[in-house]
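Novice: Please see the structure below; I have some questions.
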Amino acid sequence: MGTVKWIVVFALLSIACQSAALSGLHVSVFSVTSKSMAVQWTKYSSATSYKITVTPKNSPSHPAFAQFGPNSVMGSVNSLSPNTLYTVKVEAMDASLNVLSQAQVEKITAPEVPSVVMATSKQSDRISVEFTSAPGATSYVLRTETADGSFFSETDVSSSPGTVTNLKPYTDYILSVLSVNSGGRSQPSLPAEAKTVVAAPHLITSSPSNSSIVVVWQPVANAVRYTLSLIMGGSNITDVNITSPNVTFSDLEAGRVYAIKANAWDAMNRQGDDAHVSQITRPPTPSIVQMNVSRNESSAGLSVSWHLVQGASDYLVLSSEGINCTSAVGTCTLAPLACGQEHTLTVTARNLAGPSPPSAAQEFTSFPCPPEPVWVEETQAGNCSVTWGPMPYADKYVAFIKRDDGIEERCNTTNTTCDFHCQCGYTFLMTVFAYNLAGGSPPGPVLNYTTLPCCPEDVRISLVSTDTLEIEWSAARGAEVYETRAVEGSNVILCNDTSPVCALSDLTCDRPYSVMVIPCSEGRGCNWACGTHTKETAPCMSDILGISQVTNSSVSVNFTTPNRAANYTVTAAGAPDTHTCQSSGPPCVITNLPCGSAYDVSVLATTAVGQSVPSYVVTLETAPCCPETLNVHQVTQAMTNVTWSPARGAQSFVTALTSSKGHARCHTQDLHCLMGCITCGTNYTVSMEAYSRTGHKSECTYRGFSSSPCCPSGVKLYQMSNNTLRVYWRSAGALHNTTADVYGSQTNYTCSPVAGGNSCDVSDILCGDVYTVVVAPLTTDGTTVPFCPQRMYSVSCSGGNVGMVMYRGKRSLD
């Protein structure tokens with residue numbers, strides 16, 4: 001194999017060197033032994049041979065040489081010294097042996113070849129090799145192989161001895177050793193032979209009883225006998241030499257751990273590998289100490305206690321009722337524990353070897369089952385009894401009766417019934433427990449019994465409208481809903497509600513009703529034994545048949561009387577005030593009604609129960625009021641302006657001025673009226689008619705009116721002597737004082753004649769001016785009538801005196 005390997009390597013390197021670059025010579029050492037080196041170089045152009053010189057670095061006088069042809073790129077140098085540092089030089093030469101190029105490297109040879117001193121096997125999968133050391137070696141390689149070549153391995157070791165592992169039992173191996181340094185490996189040493197020992201037996205142990213251990217194994221190949229040792233607490237108890245592959249150890253302690261060591265021996269009396277195994281004997285038999293019932297929220301169990309025994313890893317408790325439990329300590333609980341059972345119990349200790357014999361059997365009777373059936377009887381209201389059927393294994397019974405407000409009663413008895421007080425409006429939860437020495441039964445069925453709800457107290461009935469009764473009461477215990485009934489003859493009105501208040505509507509007015517509040521619950525029904533209450537409805541509504549006027553300020557109202565006995569109030573309600581009258585029957589007279597008012601008239605019936613709904617309203621309107629003040633103001637000699645104050649209830653007015661000489665009339669919705677065709681100097685009667693929006697009329701009379709005196713006519717202006725002018729007019733026929741006013745641009749003049757006169761003079765007149773002349777009578781209060789006409793005159797000068805007076809025209813006052 002080694003020669004083939006070298007040929008392949010040399011061939012590959014030769015091909016690589018032939019194709020390498022020829023620019024220079026490169027050298028490397030690729031294989032080193034204790035006495036040889038393999039050298040490689042690159043091919044150099046025009047070289048005809050290559051020379052290798054290997055010189056010890058510390059002894060350059062003893063080199064080794066080798067010469068190679070032009071086509072060689074590697075070669076070897078032999079006969080070197082082990083563990084020696086050499087300088088390796090390669091020279092490329094031409095045909096004249098001239099050096100064309102050279103290169104060199106340093107390399108150390110491998111150490112000397114060591115030798116095997118001894119190879120031995122004490123374990124079936126390994127051999128220990130002792131060997132000599134080699135100077136300069138940094139490590140060693142143990143080479144192991146079989147004669148037929150089926151196995152080959154190399155193991156690196158640092159020094160002697162070294163161990164080869166992963167070998168087969170009872171097999172011959174050839175072993176050699178190689179030394180190693182940085183230069184490479186030495187040649188292998190002379191071989192040595194060694195055989196591995198037989199394998200250890202594979203032990204299978206068991207403990208068929210708490211005083212014995214059985215050991216068996218498959219026969220070991222090439223073994224002729226076996227040695228077994230039984231050890232406890234570090235000391236040998238028994239040593240056995242046998243040829244059969246099994247053995248039994250007897251008279252051992254229960255629950256003890258024993259160590260077993262075994263070896264196989266070959267025909268050369270060599271001891272094989274050790275086999276070690278531990279085996280515990282079965283534990284001793286425990287004994288039951290105590291049994292108690294344990295409970296949690298959902299189930300019950302039987303707690304069993306026993307004495308701990310040596311070597312037990314856990315314990316099994318079995319019951320004849322098919323339940324069991326296991327524990328590593330001295331107690332466990334059988335669960336679920338059913339009621340009314342008789343149990344036969346045993347305890348067995350266990351470990352890896354198996355179970356101990358069971359303990360002596362113990363008997364246990366469980367707690368009784370809950371009593372059933374359970375029922376309640378209420379012999380009379382408020383007195384109840386709870387009854388149940390007898391149960392096996394029960395010594396006594398306890399009945400728990402809990403009211404829904406939290407109050408609880410307890411009854412201890414050996415009988416099967418208990419009495420209790422069951423008030424109205426409560427729900428009672430009852431359960432019965434049976435007891436014996438093992439304890440109480442589980443909770444039995446919970447019996448729910450609800451008494452009738454209590455009757456409502458403090459029932460209050462009020463009339464909230466003519467046909468509606470509101471019934472209120474204090475909440476009744478146990479009531480979930482209330483049925484309220486109002487009965488009048490065959491007429492029944494119902495109301496169902498959960499609140500303690502009910503309104504019964506659409507009742508007949510002026511009728512007595514029998515009212516009952518009946519409490520009900522879903523679980524028990526209604527309590528029909530509650531009392532009744534009587535309440536009348538409000539009186540019926542009247543109708544107004546008619547209203548007739550008695551006087552200007554009073555009316556008589558006629559109406560129906562639909563009630564058995566009632567007082568009636570007639571009300572006239574208006575914006576300014578309200579008027580009433582009362583009567584036990586029609587008619588009813590309302591007085592002192594003011595003018596100009598509108599009223600809604602209604603009738604209300606009243607009884608001891610309350611009031612009816614007011615009747616439908618009939619509208620009443622009184623005649624409008626007369627204006628408190630009326631004034632007549634003369635605007636011109638033939639026209640006046642009449643004004644008056646507002647009047648309540650009046651929408652339009654007809655005003656009249658009447659005299660023997662004629663009359664004036666005005667119809668308006670305003671508070672003033674302009675009236676013509678007035679005769680001057682005449683006394684008038686003043687009257688008014690005020691009308692409401694519906695046509696009611698009031699006639700009003702006021703203080704008379706006198707028109708102003710008539711204005712004089714034929715007014716003329718005459719020239720007099722001494723710068724005097726005379727004003728002349730025709731009298732109006734009545735003796736009035738008259739005033740004549742003359743207005744100029746520079747001065748004004750006034751003159752008045754005696755009563756009844758028709759002229760007067762104005763002196764010291766300035767001539768050369770235009771004068772306006774107004775002649776007007778005086779009224780009774782001394783004021784001048786303001787609407788008399790004006791006349792214009794031009795007054796010329798004659799020297800320094802008044803000259804000609806010329807009439808310019810006539811016009812009204814501004």
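Order determines the names: the first chain of the structure tokens is A, the second B, and so forth; residues in each chain are numbered 1 upward, and ligands are numbered 1 upward as they are shown.
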Name all residues at most 10 Å from region 631-647 of chain A (count only C-alpha atoms; drop same-chain ones fewer than 3 positions away) and give them as a count of residues only.

Specialist: 46

Novice: What's the 10 Å shell around Phe249 (chain A), counting only C-alpha atoms, without same-chain residues fewer than 2 positions away, as number ranges by chain?

Specialist: A: 207, 211-215, 230, 238, 240, 247, 251-252

Novice: Give me the residues within 10 Å of region 474-488 of chain A as JSON, numbers by chain, counting only C-alpha atoms and dropping any in the same chain fewer than 3 places off.

Specialist: {"A": [404, 423, 424, 425, 426, 427, 450, 451, 452, 453, 454, 455, 456, 457, 458, 459, 460, 469, 471, 491, 492, 493, 494, 495, 496, 497, 498, 499, 500, 501, 502, 503, 504, 505, 507, 508, 511, 512, 513, 514, 515, 516, 517, 518, 519, 520, 521, 522, 523, 524, 525, 526, 527, 532, 533, 534, 535, 536]}

Novice: Ranking A:Val105, A:Cys530, A:Met74, A:Val802 by minimum distance to Gly768 (chain A) and counting only C-alpha atoms, which one comes first?

Specialist: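 The shortest atom-to-atom distance to Gly768 (chain A) comes from A:Val802.
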
Novice: As a VMD selection string, which residues of region 152-209 of chain A does DSSP assign to strand (DSSP E)?

Specialist: chain A and resid 152 to 157 162 to 164 172 to 180 192 to 195 203 to 209
